[in-house]
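A.B. asks: Next comes my_file_33.cif, mmCIF, N, CA and C atoms:
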```cif
data_coords
#
loop_
_atom_site.label_atom_id
_atom_site.label_comp_id
_atom_site.auth_asym_id
_atom_site.auth_seq_id
_atom_site.Cartn_x
_atom_site.Cartn_y
_atom_site.Cartn_z
N MET V 1 19.89 20.86 1.87
CA MET V 1 21.17 20.27 2.13
C MET V 1 21.00 18.86 2.71
N LEU V 2 20.09 18.74 3.66
CA LEU V 2 19.90 17.44 4.29
C LEU V 2 19.25 16.45 3.32
N GLY V 3 18.29 16.92 2.53
CA GLY V 3 17.62 16.05 1.58
C GLY V 3 18.53 15.52 0.49
N ALA V 4 19.57 16.28 0.15
CA ALA V 4 20.49 15.85 -0.90
C ALA V 4 21.43 14.76 -0.41
N SER V 5 21.62 14.66 0.90
CA SER V 5 22.56 13.67 1.41
C SER V 5 21.88 12.37 1.83
N LEU V 6 20.55 12.35 1.86
CA LEU V 6 19.83 11.13 2.22
C LEU V 6 19.42 10.39 0.96
N TYR V 7 19.53 9.08 1.00
CA TYR V 7 19.11 8.26 -0.13
C TYR V 7 17.94 7.38 0.31
N PHE V 8 16.84 7.48 -0.38
CA PHE V 8 15.70 6.63 -0.12
C PHE V 8 15.58 5.63 -1.27
N PRO V 9 15.76 4.36 -1.00
CA PRO V 9 15.66 3.36 -2.07
C PRO V 9 14.26 3.36 -2.70
N PRO V 10 14.16 2.98 -3.95
CA PRO V 10 12.85 2.98 -4.62
C PRO V 10 11.81 2.11 -3.92
N ILE V 11 12.23 1.01 -3.31
CA ILE V 11 11.25 0.16 -2.63
C ILE V 11 10.68 0.88 -1.41
N PHE V 12 11.47 1.74 -0.78
CA PHE V 12 10.96 2.53 0.35
C PHE V 12 9.92 3.54 -0.13
N LYS V 13 10.20 4.17 -1.27
CA LYS V 13 9.24 5.11 -1.84
C LYS V 13 7.96 4.38 -2.25
N ALA V 14 8.11 3.20 -2.82
CA ALA V 14 6.94 2.41 -3.21
C ALA V 14 6.16 1.95 -1.98
N PHE V 15 6.88 1.62 -0.92
CA PHE V 15 6.22 1.21 0.32
C PHE V 15 5.38 2.36 0.88
N LEU V 16 5.94 3.57 0.91
CA LEU V 16 5.20 4.71 1.43
C LEU V 16 4.00 5.07 0.55
N LEU V 17 4.20 5.07 -0.77
CA LEU V 17 3.08 5.36 -1.67
C LEU V 17 2.02 4.26 -1.59
N GLY V 18 2.47 3.01 -1.49
CA GLY V 18 1.53 1.89 -1.34
C GLY V 18 0.76 1.97 -0.04
N LEU V 19 1.41 2.46 1.01
CA LEU V 19 0.73 2.63 2.29
C LEU V 19 -0.39 3.66 2.17
N VAL V 20 -0.14 4.73 1.44
CA VAL V 20 -1.18 5.74 1.22
C VAL V 20 -2.33 5.14 0.42
N PHE V 21 -2.00 4.40 -0.64
CA PHE V 21 -3.05 3.74 -1.43
C PHE V 21 -3.85 2.77 -0.57
N TRP V 22 -3.14 1.98 0.24
CA TRP V 22 -3.80 1.00 1.09
C TRP V 22 -4.71 1.67 2.10
N LEU V 23 -4.27 2.77 2.68
CA LEU V 23 -5.12 3.47 3.64
C LEU V 23 -6.41 3.95 2.99
N LEU V 24 -6.32 4.45 1.77
CA LEU V 24 -7.52 4.89 1.07
C LEU V 24 -8.45 3.71 0.75
N ILE V 25 -7.88 2.64 0.22
CA ILE V 25 -8.68 1.46 -0.13
C ILE V 25 -9.26 0.81 1.12
N HIS V 26 -8.46 0.71 2.17
CA HIS V 26 -8.92 0.09 3.41
C HIS V 26 -10.06 0.88 4.02
N HIS V 27 -9.98 2.19 3.95
CA HIS V 27 -11.05 3.02 4.49
C HIS V 27 -12.36 2.80 3.73
N LEU V 28 -12.26 2.62 2.41
CA LEU V 28 -13.46 2.41 1.60
C LEU V 28 -14.06 1.01 1.81
N LEU V 29 -13.21 0.00 2.01
CA LEU V 29 -13.68 -1.39 2.09
C LEU V 29 -13.75 -1.94 3.51
N ARG V 30 -13.47 -1.14 4.51
CA ARG V 30 -13.36 -1.63 5.89
C ARG V 30 -14.65 -2.31 6.37
N ASP V 31 -15.80 -1.71 6.12
CA ASP V 31 -17.06 -2.30 6.58
C ASP V 31 -17.33 -3.65 5.92
N TRP V 32 -17.02 -3.76 4.64
CA TRP V 32 -17.25 -5.02 3.93
C TRP V 32 -16.27 -6.10 4.38
N ILE V 33 -15.01 -5.72 4.60
CA ILE V 33 -13.99 -6.70 4.99
C ILE V 33 -14.32 -7.31 6.35
N TYR V 34 -14.74 -6.48 7.29
CA TYR V 34 -15.01 -6.97 8.65
C TYR V 34 -16.47 -7.32 8.90
N SER V 35 -17.27 -7.43 7.85
CA SER V 35 -18.69 -7.75 8.01
C SER V 35 -18.93 -9.24 8.26
N GLY V 36 -17.96 -10.07 7.99
CA GLY V 36 -18.14 -11.51 8.16
C GLY V 36 -18.21 -12.25 6.84
N GLU V 37 -18.29 -11.54 5.73
CA GLU V 37 -18.32 -12.19 4.42
C GLU V 37 -16.95 -12.74 4.03
N ILE V 38 -15.90 -12.12 4.53
CA ILE V 38 -14.53 -12.52 4.21
C ILE V 38 -14.08 -13.54 5.25
N TRP V 39 -13.51 -14.64 4.79
CA TRP V 39 -13.10 -15.71 5.70
C TRP V 39 -12.03 -15.26 6.66
N HIS V 40 -11.04 -14.53 6.18
CA HIS V 40 -9.93 -14.10 7.02
C HIS V 40 -9.61 -12.63 6.70
N PRO V 41 -10.19 -11.71 7.47
CA PRO V 41 -10.02 -10.28 7.16
C PRO V 41 -8.57 -9.79 7.17
N MET V 42 -7.74 -10.34 8.05
CA MET V 42 -6.36 -9.90 8.10
C MET V 42 -5.60 -10.29 6.83
N LEU V 43 -5.88 -11.47 6.29
CA LEU V 43 -5.25 -11.87 5.03
C LEU V 43 -5.74 -11.00 3.88
N MET V 44 -7.00 -10.60 3.93
CA MET V 44 -7.53 -9.71 2.90
C MET V 44 -6.83 -8.35 2.98
N ASP V 45 -6.65 -7.85 4.20
CA ASP V 45 -5.92 -6.59 4.38
C ASP V 45 -4.49 -6.71 3.86
N LEU V 46 -3.83 -7.81 4.18
CA LEU V 46 -2.45 -8.02 3.74
C LEU V 46 -2.36 -8.11 2.22
N SER V 47 -3.31 -8.80 1.62
CA SER V 47 -3.27 -8.93 0.15
C SER V 47 -3.54 -7.58 -0.52
N ILE V 48 -4.44 -6.79 0.04
CA ILE V 48 -4.69 -5.45 -0.51
C ILE V 48 -3.44 -4.60 -0.37
N PHE V 49 -2.73 -4.74 0.76
CA PHE V 49 -1.50 -3.97 0.96
C PHE V 49 -0.42 -4.37 -0.03
N VAL V 50 -0.26 -5.66 -0.27
CA VAL V 50 0.74 -6.14 -1.23
C VAL V 50 0.40 -5.65 -2.64
N ILE V 51 -0.86 -5.69 -3.00
CA ILE V 51 -1.27 -5.20 -4.32
C ILE V 51 -1.03 -3.70 -4.42
N ALA V 52 -1.29 -2.96 -3.34
CA ALA V 52 -1.08 -1.51 -3.35
C ALA V 52 0.41 -1.16 -3.49
N VAL V 53 1.27 -1.88 -2.77
CA VAL V 53 2.71 -1.62 -2.87
C VAL V 53 3.23 -2.02 -4.26
N SER V 54 2.75 -3.13 -4.79
CA SER V 54 3.15 -3.54 -6.14
C SER V 54 2.70 -2.52 -7.18
N GLY V 55 1.49 -2.03 -7.04
CA GLY V 55 1.00 -1.00 -7.95
C GLY V 55 1.78 0.29 -7.83
N ALA V 56 2.15 0.66 -6.62
CA ALA V 56 2.95 1.87 -6.41
C ALA V 56 4.33 1.71 -7.04
N LEU V 57 4.94 0.54 -6.89
CA LEU V 57 6.24 0.30 -7.51
C LEU V 57 6.13 0.35 -9.02
N TRP V 58 5.06 -0.19 -9.58
CA TRP V 58 4.84 -0.14 -11.02
C TRP V 58 4.67 1.30 -11.49
N ILE V 59 3.92 2.10 -10.72
CA ILE V 59 3.72 3.52 -11.08
C ILE V 59 5.05 4.26 -11.03
N LEU V 60 5.84 4.04 -9.99
CA LEU V 60 7.12 4.72 -9.86
C LEU V 60 8.11 4.28 -10.94
N ALA V 61 8.06 3.01 -11.32
CA ALA V 61 8.99 2.52 -12.34
C ALA V 61 8.63 3.03 -13.74
N SER V 62 7.33 3.19 -13.99
CA SER V 62 6.93 3.66 -15.33
C SER V 62 6.97 5.17 -15.43
N TRP V 63 7.06 5.85 -14.32
CA TRP V 63 7.11 7.31 -14.31
C TRP V 63 8.50 7.74 -14.46
#
```
What would you get if you wrote out this structure as structure tokens?
C.D. replies:
Amino acid sequence: MLGASLYFPPIFKAFLLGLVFWLLIHHLLRDWIYSGEIWHPMLMDLSIFVIAVSGALWILASW
């Protein structure tokens, strides 16, 4: 009953799915990102997050 009355916009669903993707990717690449090879690790994290959310939105739109 409660789930039928709540509306989650597609961008919110993409954000949550992208967050899950980002957590998985970040966990795999964390040592490399913070090793000093990357000039700005926070920007790398942000770009990976944006790519993950964009990919999640693409997956949700094509599904």
A.B. asks: Expand the PyMOL selection byres (((chain V and resi 51 and name CA) around 12) and name CA) into the explicit residue set it covers here, and present it as JSON, numbers by chain.
C.D. replies: {"V": [14, 15, 17, 18, 19, 21, 22, 25, 44, 45, 46, 47, 48, 49, 50, 52, 53, 54, 55, 56, 57, 58]}
A.B. asks: Could you pull out all residues of chain V with a DSSP call of alpha helix (DSSP H) and give them as a PyMOL selection string?
C.D. replies: chain V and resi 2-5+10-33+41-62
A.B. asks: From the options V:Arg30, V:Glu37, V:Leu23, V:Ile59, which residue's atoms come nearest to V:Pro10, counting only C-alpha atoms?
C.D. replies: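 Nearest candidate to V:Pro10 out of V:Arg30, V:Glu37, V:Leu23, V:Ile59: V:Ile59.
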A.B. asks: For the atom pair atom N of V:Ala61 and atom C of V:Lys13, what is the interatomic distance in Å to one decimal place?
C.D. replies: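 Value for the atom N of V:Ala61-atom C of V:Lys13 distance: 9.2 Å.
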A.B. asks: Kindly compute an axis-aligned box around the listed atoms of stretch 8-14 of chain V, allowing 3 Å on each side, and express its centre and edge lengths in Å to one decimal as JSON.
C.D. replies:
```
{"center_x": 11.5, "center_y": 3.8, "center_z": -2.1, "size_x": 16.7, "size_y": 13.3, "size_z": 11.0}
```
